[in-house]
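Participant: Below is the file protein00.txt, with compact mmCIF, C-alpha atoms.
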# COMPACT_ATOMS: atom_id res chain seq x y z
CA MET A 1 53.21 118.40 92.08
CA SER A 2 51.90 119.03 88.57
CA ASP A 3 49.08 117.09 86.91
CA HIS A 4 51.36 116.87 83.86
CA TRP A 5 54.04 114.82 85.64
CA PRO A 6 54.27 111.05 85.08
CA GLN A 7 52.96 108.66 87.71
CA GLU A 8 55.32 107.91 90.57
CA ILE A 9 56.99 104.50 90.38
CA GLU A 10 57.55 104.46 94.13
CA ASP A 11 56.44 106.90 96.80
CA GLY A 12 57.90 110.29 95.92
CA LEU A 13 59.96 108.99 92.95
CA ILE A 14 59.03 110.11 89.45
CA PRO A 15 60.73 108.30 86.53
CA THR A 16 62.67 110.13 83.87
CA ASP A 17 62.01 109.13 80.27
CA ASN A 18 65.67 108.67 79.28
CA ALA A 19 67.01 106.07 81.74
CA MET A 20 68.61 108.74 83.94
CA GLY A 21 67.09 107.68 87.22
CA ILE A 22 64.31 109.68 88.86
CA MET A 23 63.11 113.10 89.90
CA THR A 24 61.96 113.35 93.49
CA ARG A 25 58.63 114.98 94.21
CA GLU A 26 60.28 116.68 97.19
CA PRO A 27 62.84 119.40 96.39
CA SER A 28 66.29 118.75 97.82
CA PRO A 29 67.95 121.13 100.31
CA ALA A 30 70.01 122.51 97.42
CA ALA A 31 66.84 123.08 95.40
CA GLU A 32 65.21 124.88 98.32
CA ALA A 33 68.22 127.23 98.53
CA PHE A 34 68.03 127.75 94.75
CA ILE A 35 64.34 128.62 95.04
CA ALA A 36 65.08 131.11 97.83
CA LEU A 37 67.76 132.75 95.69
CA ALA A 38 65.29 133.07 92.81
CA ALA A 39 63.27 135.53 94.89
CA THR A 40 66.16 138.00 95.11
CA SER A 41 68.56 137.35 92.22
CA ARG A 42 69.00 140.17 89.73
CA ARG A 43 70.40 137.75 87.18
CA PRO A 44 68.93 134.61 85.59
CA LEU A 45 69.39 131.25 87.28
CA LEU A 46 70.24 127.96 85.58
CA GLU A 47 68.87 124.56 86.57
CA VAL A 48 70.72 121.62 85.05
CA GLY A 49 68.86 118.31 84.99
CA ALA A 50 65.59 120.17 85.45
CA ALA A 51 63.46 117.15 84.45
CA TYR A 52 59.80 118.01 85.05
CA GLY A 53 60.50 121.05 87.22
CA ASN A 54 60.36 120.23 90.94
CA ALA A 55 62.80 123.13 91.47
CA THR A 56 62.23 125.28 88.39
CA LEU A 57 58.47 125.67 88.89
CA PRO A 58 58.68 126.99 92.48
CA ALA A 59 61.67 129.14 91.49
CA LEU A 60 59.47 130.73 88.83
CA ARG A 61 56.72 131.26 91.39
CA ALA A 62 59.30 133.01 93.59
CA GLY A 63 59.90 135.51 90.78
CA GLY A 64 63.10 134.19 89.23
CA THR A 65 64.10 134.06 85.59
CA ILE A 66 65.07 130.44 85.01
CA VAL A 67 66.96 128.64 82.26
CA ALA A 68 65.86 125.00 82.58
CA CYS A 69 68.29 122.57 80.97
CA ASP A 70 67.89 118.82 80.54
CA LEU A 71 68.99 116.09 78.16
CA SER A 72 65.34 115.22 77.56
CA ALA A 73 63.39 117.62 75.37
CA SER A 74 60.18 115.77 76.19
CA GLU A 75 60.66 116.28 79.94
CA LEU A 76 61.25 119.97 79.32
CA GLN A 77 58.07 120.10 77.26
CA ILE A 78 56.14 118.76 80.25
CA LEU A 79 57.88 121.34 82.46
CA GLY A 80 56.84 124.11 80.09
CA GLU A 81 53.24 122.89 80.02
CA SER A 82 53.25 122.80 83.84
CA ALA A 83 54.37 126.42 84.19
CA PRO A 84 51.55 128.94 84.75
CA GLU A 85 51.02 131.30 81.84
CA ARG A 86 52.06 134.28 83.97
CA ASP A 87 55.52 132.73 84.54
CA ARG A 88 56.35 131.51 81.06
CA SER A 89 57.98 134.75 79.91
CA ARG A 90 60.68 134.13 82.57
CA LEU A 91 61.31 130.51 81.56
CA VAL A 92 63.82 129.37 78.94
CA LEU A 93 63.82 125.67 78.02
CA MET A 94 67.19 124.39 76.85
CA PRO A 95 67.60 120.74 75.81
CA ALA A 96 71.36 120.20 76.04
CA ARG A 97 74.10 118.21 77.74
CA PHE A 98 75.81 119.88 80.70
CA PRO A 99 78.43 121.23 80.62
CA GLU A 100 79.75 120.74 77.10
CA GLU A 101 76.70 121.94 75.15
CA LEU A 102 75.99 125.02 77.27
CA HIS A 103 77.44 128.46 76.66
CA PHE A 104 76.86 131.48 78.88
CA ALA A 105 78.71 134.76 79.17
CA GLU A 106 81.13 135.11 82.05
CA GLY A 107 79.41 136.37 85.18
CA SER A 108 75.96 136.23 83.62
CA LEU A 109 74.18 133.89 86.09
CA GLY A 110 73.17 134.46 89.69
CA GLY A 111 72.99 130.78 90.63
CA ILE A 112 73.16 127.26 89.21
CA LEU A 113 71.46 124.11 90.47
CA ALA A 114 72.73 120.67 89.46
CA ALA A 115 70.71 118.19 91.52
CA GLN A 116 71.26 114.51 90.79
CA VAL A 117 73.27 115.26 87.67
CA LEU A 118 77.00 115.10 88.37
CA HIS A 119 76.87 111.51 89.63
CA PHE A 120 76.14 110.46 86.05
CA SER A 121 79.32 112.14 84.74
CA GLU A 122 82.91 110.92 84.44
CA GLY A 123 85.51 112.68 86.58
CA PRO A 124 86.89 115.07 83.91
CA THR A 125 83.35 116.13 83.02
CA VAL A 126 82.64 116.89 86.68
CA GLU A 127 85.77 119.04 86.82
CA ARG A 128 84.71 120.90 83.68
CA ALA A 129 81.23 121.40 85.15
CA PHE A 130 82.68 123.10 88.23
CA ALA A 131 85.05 125.21 86.12
CA ASP A 132 82.28 126.32 83.76
CA ALA A 133 79.91 127.05 86.63
CA TRP A 134 82.56 129.23 88.27
CA ARG A 135 83.04 131.17 85.05
CA TRP A 136 79.33 131.65 84.31
CA LEU A 137 78.42 132.83 87.82
CA GLU A 138 78.61 136.43 88.86
CA PRO A 139 80.89 137.22 91.82
CA GLY A 140 79.01 136.01 94.88
CA GLY A 141 76.94 133.63 92.77
CA LYS A 142 76.21 130.15 94.07
CA PHE A 143 76.47 126.62 92.72
CA PHE A 144 74.00 124.23 94.35
CA VAL A 145 74.74 120.50 93.96
CA VAL A 146 73.16 117.20 94.99
CA VAL A 147 74.88 113.87 94.38
CA MET A 148 74.43 110.26 95.45
CA THR A 149 76.78 108.50 97.87
CA PRO A 150 77.69 104.83 98.36
CA SER A 151 75.11 104.73 101.15
CA LEU A 152 72.13 104.99 98.80
CA SER A 153 69.97 101.91 98.36
CA TYR A 154 71.61 99.12 96.35
CA TYR A 155 74.73 101.25 95.82
CA SER A 156 75.70 100.27 99.36
CA LYS A 157 76.92 97.02 97.75
CA PHE A 158 79.75 99.11 96.30
CA ARG A 159 80.86 100.72 99.58
CA ALA A 160 83.66 98.29 100.41
CA GLU A 161 85.17 98.67 96.94
CA TYR A 162 84.72 102.46 97.08
CA GLU A 163 86.61 102.63 100.36
CA ALA A 164 89.38 100.34 99.10
CA ARG A 165 89.87 102.57 96.06
CA ALA A 166 89.88 105.69 98.23
CA VAL A 167 92.56 104.21 100.50
CA ARG A 168 94.83 103.50 97.55
CA GLY A 169 94.39 107.07 96.32
CA ASP A 170 92.04 106.76 93.35
CA ARG A 171 90.92 110.21 92.28
CA TRP A 172 87.44 108.96 91.38
CA PRO A 173 86.72 105.96 93.61
CA GLY A 174 82.98 106.00 92.91
CA ILE A 175 82.88 104.91 89.24
CA PHE A 176 80.66 101.84 88.90
CA ASN A 177 78.03 100.31 86.62
CA PRO A 178 74.80 100.86 88.60
CA ARG A 179 73.08 98.02 86.79
CA ASP A 180 75.47 95.61 88.49
CA ALA A 181 73.77 96.37 91.80
CA ALA A 182 70.26 97.51 90.85
CA THR A 183 67.22 95.35 91.37
CA PRO A 184 65.48 94.09 88.20
CA GLU A 185 62.76 96.74 88.22
CA TRP A 186 65.40 99.51 88.29
CA LYS A 187 68.08 98.29 85.87
CA ASP A 188 66.49 99.69 82.73
CA ARG A 189 65.85 103.03 84.42
CA LEU A 190 69.57 103.71 84.92
CA PRO A 191 72.56 104.51 82.70
CA THR A 192 75.59 102.19 82.63
CA MET A 193 77.87 104.48 84.68
CA VAL A 194 77.50 106.12 88.05
CA ASN A 195 80.03 108.28 89.90
CA LEU A 196 79.31 108.10 93.62
CA PHE A 197 80.69 110.81 95.93
CA GLU A 198 81.80 111.31 99.49
CA LYS A 199 82.48 114.70 101.10
CA ASP A 200 86.20 114.74 100.34
CA VAL A 201 85.77 114.21 96.60
CA LEU A 202 82.91 116.68 96.13
CA GLY A 203 84.66 119.27 98.30
CA ARG A 204 87.86 118.88 96.32
CA CYS A 205 86.01 119.55 93.07
CA ALA A 206 84.60 122.80 94.41
CA ARG A 207 87.83 124.07 95.96
CA GLU A 208 89.97 123.27 92.91
CA ALA A 209 87.58 125.31 90.77
CA GLY A 210 87.93 128.30 93.11
CA PHE A 211 84.69 128.05 95.08
CA GLU A 212 84.21 128.67 98.78
CA ILE A 213 82.08 125.95 100.37
CA GLU A 214 79.17 127.23 102.45
CA VAL A 215 77.30 123.92 102.91
CA LEU A 216 78.50 120.34 102.48
CA GLU A 217 76.25 117.90 104.30
CA TYR A 218 74.76 114.42 104.10
CA PHE A 219 70.99 114.07 103.95
CA CYS A 220 68.12 111.92 102.81
CA PHE A 221 64.78 113.14 101.50
CA ARG A 222 61.93 113.16 103.99
CA GLN A 223 59.64 111.55 101.42
CA PHE A 224 61.77 108.60 100.37
CA PRO A 225 61.00 104.87 100.35
CA ASP A 226 62.38 103.08 103.41
CA LYS A 227 63.84 100.29 101.29
CA HIS A 228 66.29 102.75 99.71
CA ARG A 229 67.47 104.24 103.04
CA THR A 230 70.52 102.97 104.91
CA ASP A 231 72.28 105.36 107.31
CA GLY A 232 71.02 108.89 106.62
CA ARG A 233 74.00 109.63 104.36
CA GLU A 234 72.35 108.63 101.09
CA PHE A 235 72.91 112.01 99.41
CA LEU A 236 75.24 114.98 99.64
CA THR A 237 74.06 118.57 99.33
CA MET A 238 76.50 121.38 98.60
CA THR A 239 76.30 125.13 98.32
CA ALA A 240 79.49 126.56 96.81
CA ARG A 241 80.01 130.31 96.43
CA LYS A 242 82.11 132.15 93.88
CA PRO A 243 84.08 134.75 95.86
CA ALA A 244 82.86 138.31 95.40
Mind turning this structure into structure tokens?

Facilitator:
Amino acid sequence: MSDHWPQEIEDGLIPTDNAMGIMTREPSPAAEAFIALAATSRRPLLEVGAAYGNATLPALRAGGTIVACDLSASELQILGESAPERDRSRLVLMPARFPEELHFAEGSLGGILAAQVLHFSEGPTVERAFADAWRWLEPGGKFFVVVMTPSLSYYSKFRAEYEARAVRGDRWPGIFNPRDAATPEWKDRLPTMVNLFEKDVLGRCAREAGFEIEVLEYFCFRQFPDKHRTDGREFLTMTARKPA
């Protein structure tokens, strides 16, 4: 944890400054895999939704060259201030919206991390994100993803409707307004649309874009408030590989 980061609003949960939820103090399983890749990748890595750097900073320490992208320029400024001087030459800060405002050459990236990003995107944007990631990655490159499920916290109120939509064949059964379920202290910290995922939907996105799925598992953070836990399936982590 950096001294530059904002104060946690709940144990392990650090607020974003643009009503896009939180950054966890603890890196996700996808972030840990991204950090491990940073130690060996010959190409730059991209983190989307980097926030204050819970994945980018250790990836820099591992020796990677990191492009840190986020909607919030002020969060990226804090990330940059948190990076040790010796690492800053390998850090590029890029305030932009993923995927539509990002442009990379084909095959130019070794890995991409999008943790807690895609669940704030409409379905077509998610599909474009997977397609762009596939194009930007080198053969053998990996796309690491974390998304929320209908088991997380107050989103569990949406599970019955999610499952009803899935049964009738909706392509994106997880589109809801999170403020309809959030408790008062959280409503203003969230956008007005969330896209919750289950394994079949996230897996479909990866396969349709041409990825091979290496990891697709439910998890919850070890450092996570009990009141937001339900059944251990609060989040999905994915590692998707572009075929060599």

Participant: Hey, what's within 9 Å of Met94 (chain A) if we count all atoms listed in the file and toss same-chain stuff fewer than 6 positions away? As a list in words, please?

Facilitator: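 Skipping anything fewer than 6 positions along the chain leaves Val67, Ala68, Cys69, Asp70, Leu71, Ala73, Leu76 and Leu102 of chain A.
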
Participant: Hey, what's within 8 Å of Ala182 (chain A) if we count all atoms listed in the file and toss same-chain stuff fewer than 5 positions away? As an NGL selection string, please?

Facilitator: :A and (154-155 or 187)

Participant: Here is a test: counting only C-alpha atoms, which residue of A:Ile66, A:Phe219, A:Ala19, A:Trp136 is nearest to Lys242 (chain A)?

Facilitator: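 For Lys242 (chain A), the nearest of the candidates is A:Trp136.
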
Participant: Could you list, as a ChimeraX atom specification, every residue within 12 Å of Val92 (chain A), counting only C-alpha atoms and ignoring same-chain residues fewer than 3 positions away?

Facilitator: /A:44-47,50,56-57,60,64-70,76-77,79-80,83,87-89,95

Participant: Please list as a PyMOL selection string every residue within 7 Å of region 193-199 of chain A, counting only C-alpha atoms and excluding residues in the same chain fewer than 4 positions away.

Facilitator: chain A and resi 119-122+147-150+174-178+203

Participant: Find, counting only C-alpha atoms, the residue in A:Pro84, A:Pro99, A:Pro225, A:Gly111 that gets nearest to Val126 (chain A).

Facilitator: A:Pro99

Participant: CA of Ser151 (chain A) and CA of Arg168 (chain A) are how many Å apart?

Facilitator: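 Going from CA of Ser151 (chain A) over to CA of Arg168 (chain A) covers 20.1 Å.
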
Participant: State, in Å with one decimal place, the distance from CA of Leu13 (chain A) to CA of Tyr162 (chain A).

Facilitator: 25.9 Å

Participant: Could you list, as a list in words, every residue within 12 Å of Pro243 (chain A), counting only C-alpha atoms and ignoring same-chain residues fewer than 3 positions away?

Facilitator: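 Here the answer would be Gly107, Trp134, Arg135, Leu137, Glu138, Pro139, Gly140, Gly141, Lys142, Phe143, Arg207, Ala209, Gly210, Phe211, Glu212, Ile213, Glu214 and Ala240 of chain A.
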
Participant: Have a look at A:Glu81, A:Glu234, A:Asp132, A:Asp188 and name the one nearest to Arg159 (chain A); count all atoms listed in the file.

Facilitator: A:Glu234
